[in-house]
Amino acid sequence: MTSRDSWVAIQKTSISPKQLDLVLEMKFQFAGDAKDDMTEISSRRELSTNKEVHGMPDDDIVDWNHVRAAEDPTLLPGAIDEMMNAPTPEIAKKAYWCIEGNAFFQRELYQAAEPVTRLVVDRIRNGQWTRYGLGMGLDLLVEVAMGWPALSEQMHGDNALDQHCRSIITGLLPYLYELLPDLIDERILAGIVDLTCELEDDRDRRQHVHDCVAPIARGGPLLRGLQDLHATL
């Protein structure tokens with residue numbers, strides 16, 4: 001069992017309703033009155049049951065008003081567009097932090113994480129990104145891929161939210177592999193390496209990513225990611 005699996009298992013451990021209420025109250029007390037905060041999050045409206053709405057990447061189809069999130073979910077599609085089209089790293093990072101803390105926070109995923117993941121993946125696959133947007137977009141996908149359902153989502157029975165998000169991101173991997181020969185940005189490469197290490201089941205493809213990236217790695221997160229990837233070979 002990986003460290004992520006161990007942590008997720010802890011997060012999903014069955015506890016009594018009274019214990020869960022206590023945990024949730026402690027979790028949100030820093031933001032003000034715990035009861036009000038929990039009411040706000042728990043009362044987020046559900047995604048439409050229309051099959052054309054759920055699971056579609058187009059932000060014109062997803063009803064962002066009806067998605068549970070930590071804050072205002074209607075801000076998310078605009079923040080994603082700003083991040084992916086960012087002309088500077090500062091703008092990309094600022095937009096990223098409008099997404100983390102709303103769709104997810106410290107790898108705890110809210111319902112909004114799934115349509116956010118689909119939208120970011122859609123933007124990447126369609127080439128709607130800048131260098132800085134792709135780097136931060138991959139950072140976001142790594143955080144989601146290593147995440148788990150927030151306790152408030154578990155209360156709604158959404159215990160497979162993390163697996164849905166991981167499946168969406170896994171579908172992007174072949175496109176990312178095609179980009180590798182033309183990439184030199186270490187932040188982007190680190191994101192691809194981390195996603196490969198976390199999601200790629202095929203050893204030959206993990207080896208291919210490692211061999212493509214290793215000769216140009218210089219240090220920092222990319223080298224650490226390559227070490228983790230090498231350990232899986």
# chains A, B, ... in the order shown; residues from 1 in each chain; ligands from 1
>>> residues_around(residues="Gly135 (chain A)", least_positions_apart="4", cutoff="10 Å", atoms="only C-alpha atoms", output="PyMOL selection string")
chain A and resi 83-84+89+92-93+129-131+139-140+185-192
>>> write_last_selection(atoms="all heavy atoms", output="compact mmCIF listing (two decimals), in the first residue's frame")
# COMPACT_ATOMS: atom_id res chain seq x y z
N MET A 83 -5.67 31.03 -15.49
CA MET A 83 -4.47 30.26 -15.23
C MET A 83 -3.88 29.67 -16.51
O MET A 83 -2.68 29.79 -16.78
CB MET A 83 -4.77 29.13 -14.24
CG MET A 83 -3.58 28.22 -13.94
SD MET A 83 -4.00 26.87 -12.80
CE MET A 83 -5.05 25.84 -13.85
N MET A 84 -4.73 29.02 -17.31
CA MET A 84 -4.22 28.33 -18.49
C MET A 84 -3.72 29.28 -19.56
O MET A 84 -2.83 28.93 -20.34
CB MET A 84 -5.32 27.43 -19.08
CG MET A 84 -5.80 26.32 -18.14
SD MET A 84 -4.47 25.28 -17.48
CE MET A 84 -3.76 24.61 -18.98
N PRO A 89 4.28 33.95 -14.98
CA PRO A 89 4.13 32.98 -13.89
C PRO A 89 3.35 33.55 -12.72
O PRO A 89 2.64 32.80 -12.03
CB PRO A 89 5.58 32.64 -13.50
CG PRO A 89 6.40 33.77 -14.04
CD PRO A 89 5.70 34.25 -15.26
N ALA A 92 -0.34 33.17 -13.45
CA ALA A 92 -0.72 31.76 -13.38
C ALA A 92 -0.85 31.31 -11.93
O ALA A 92 -1.81 30.60 -11.57
CB ALA A 92 0.31 30.90 -14.11
N LYS A 93 0.09 31.71 -11.09
CA LYS A 93 0.05 31.30 -9.68
C LYS A 93 -1.13 31.93 -8.95
O LYS A 93 -1.80 31.27 -8.14
CB LYS A 93 1.36 31.68 -8.98
CG LYS A 93 2.56 30.84 -9.41
CD LYS A 93 3.83 31.31 -8.72
CE LYS A 93 5.04 30.51 -9.18
NZ LYS A 93 6.29 30.99 -8.56
N TRP A 129 -3.26 26.64 -23.85
CA TRP A 129 -2.42 26.93 -22.70
C TRP A 129 -1.17 27.69 -23.13
O TRP A 129 -0.74 27.62 -24.28
CB TRP A 129 -2.00 25.63 -21.99
CG TRP A 129 -1.51 24.52 -22.89
CD1 TRP A 129 -2.27 23.49 -23.40
CD2 TRP A 129 -0.18 24.30 -23.38
NE1 TRP A 129 -1.50 22.65 -24.16
CE2 TRP A 129 -0.20 23.12 -24.17
CE3 TRP A 129 1.04 24.97 -23.23
CZ2 TRP A 129 0.93 22.60 -24.79
CZ3 TRP A 129 2.17 24.46 -23.86
CH2 TRP A 129 2.11 23.30 -24.62
N THR A 130 -0.62 28.42 -22.16
CA THR A 130 0.69 29.02 -22.31
C THR A 130 1.69 28.17 -21.53
O THR A 130 1.31 27.24 -20.81
CB THR A 130 0.71 30.45 -21.75
OG1 THR A 130 0.46 30.39 -20.33
CG2 THR A 130 -0.35 31.31 -22.40
N ARG A 131 2.94 28.50 -21.66
CA ARG A 131 3.96 27.77 -20.90
C ARG A 131 3.68 27.82 -19.40
O ARG A 131 3.74 26.79 -18.72
CB ARG A 131 5.33 28.39 -21.19
CG ARG A 131 6.45 27.96 -20.26
CD ARG A 131 7.70 28.77 -20.50
NE ARG A 131 8.73 28.47 -19.53
CZ ARG A 131 9.89 29.12 -19.47
NH1 ARG A 131 10.14 30.10 -20.33
NH2 ARG A 131 10.79 28.80 -18.55
N ASP A 139 0.54 21.19 -12.12
CA ASP A 139 0.63 21.21 -10.65
C ASP A 139 -0.73 20.90 -10.03
O ASP A 139 -0.84 20.14 -9.06
CB ASP A 139 1.11 22.58 -10.16
CG ASP A 139 2.61 22.75 -10.26
OD1 ASP A 139 3.29 21.83 -10.78
OD2 ASP A 139 3.12 23.80 -9.83
N LEU A 140 -1.77 21.53 -10.57
CA LEU A 140 -3.13 21.31 -10.06
C LEU A 140 -3.53 19.85 -10.22
O LEU A 140 -4.08 19.24 -9.28
CB LEU A 140 -4.09 22.22 -10.80
CG LEU A 140 -5.55 22.22 -10.37
CD1 LEU A 140 -6.18 23.59 -10.64
CD2 LEU A 140 -6.37 21.15 -11.11
N ASP A 185 10.88 23.04 -20.19
CA ASP A 185 10.52 23.69 -18.94
C ASP A 185 10.46 22.65 -17.82
O ASP A 185 9.69 21.69 -17.88
CB ASP A 185 9.17 24.39 -19.08
CG ASP A 185 8.80 25.19 -17.85
OD1 ASP A 185 8.42 24.57 -16.84
OD2 ASP A 185 8.88 26.43 -17.90
N GLU A 186 11.27 22.85 -16.78
CA GLU A 186 11.37 21.83 -15.73
C GLU A 186 10.11 21.72 -14.89
O GLU A 186 9.81 20.65 -14.36
CB GLU A 186 12.59 22.09 -14.85
CG GLU A 186 13.90 21.86 -15.57
CD GLU A 186 15.01 21.33 -14.66
OE1 GLU A 186 14.81 21.30 -13.44
OE2 GLU A 186 16.06 20.93 -15.20
N ARG A 187 9.36 22.79 -14.74
CA ARG A 187 8.11 22.71 -13.99
C ARG A 187 7.10 21.83 -14.73
O ARG A 187 6.43 20.99 -14.11
CB ARG A 187 7.51 24.10 -13.76
CG ARG A 187 6.30 24.08 -12.83
CD ARG A 187 5.67 25.42 -12.60
NE ARG A 187 4.92 25.39 -11.35
CZ ARG A 187 5.25 26.03 -10.25
NH1 ARG A 187 6.34 26.76 -10.22
NH2 ARG A 187 4.50 25.92 -9.17
N ILE A 188 7.01 22.01 -16.03
CA ILE A 188 6.11 21.19 -16.84
C ILE A 188 6.56 19.74 -16.82
O ILE A 188 5.76 18.82 -16.61
CB ILE A 188 6.05 21.71 -18.28
CG1 ILE A 188 5.43 23.11 -18.32
CG2 ILE A 188 5.27 20.76 -19.18
CD1 ILE A 188 5.47 23.78 -19.68
N LEU A 189 7.84 19.51 -17.00
CA LEU A 189 8.37 18.15 -16.99
C LEU A 189 8.16 17.48 -15.63
O LEU A 189 7.83 16.29 -15.57
CB LEU A 189 9.87 18.17 -17.35
CG LEU A 189 10.18 18.55 -18.80
CD1 LEU A 189 11.68 18.76 -18.97
CD2 LEU A 189 9.68 17.48 -19.76
N ALA A 190 8.33 18.24 -14.55
CA ALA A 190 8.12 17.68 -13.22
C ALA A 190 6.67 17.24 -13.04
O ALA A 190 6.39 16.19 -12.43
CB ALA A 190 8.50 18.69 -12.15
N GLY A 191 5.74 18.03 -13.58
CA GLY A 191 4.34 17.65 -13.49
C GLY A 191 4.05 16.36 -14.23
O GLY A 191 3.33 15.48 -13.73
N ILE A 192 4.62 16.21 -15.43
CA ILE A 192 4.41 14.99 -16.20
C ILE A 192 5.03 13.79 -15.50
O ILE A 192 4.44 12.71 -15.42
CB ILE A 192 4.98 15.15 -17.63
CG1 ILE A 192 4.22 16.24 -18.38
CG2 ILE A 192 4.93 13.83 -18.39
CD1 ILE A 192 4.78 16.57 -19.75
>>> residues_around(residues="Gly78 (chain A)", least_positions_apart="3", cutoff="12 Å", atoms="only C-alpha atoms", output="MDAnalysis selection string")
chainID A and resid 59:60 64 72:75 81:86 95:96 98:99 116 119:120
>>> select_by_dssp(residues="region 80-166 of chain A", states="helix (DSSP H, G or I)", output="number ranges by chain")
A: 80-84, 89-99, 113-125, 131-145, 151-155, 161-166
>>> closest_residue(among="A:Arg224, A:His230, A:His156, A:His164", to="Thr117 (chain A)", atoms="only C-alpha atoms")
A:His164
>>> atom_distance(atom1="CA of Leu195 (chain A)", atom2="CA of Glu143 (chain A)")
9.6 Å
>>> atom_distance(atom1="CA of Pro221 (chain A)", atom2="CA of Leu161 (chain A)")
27.2 Å
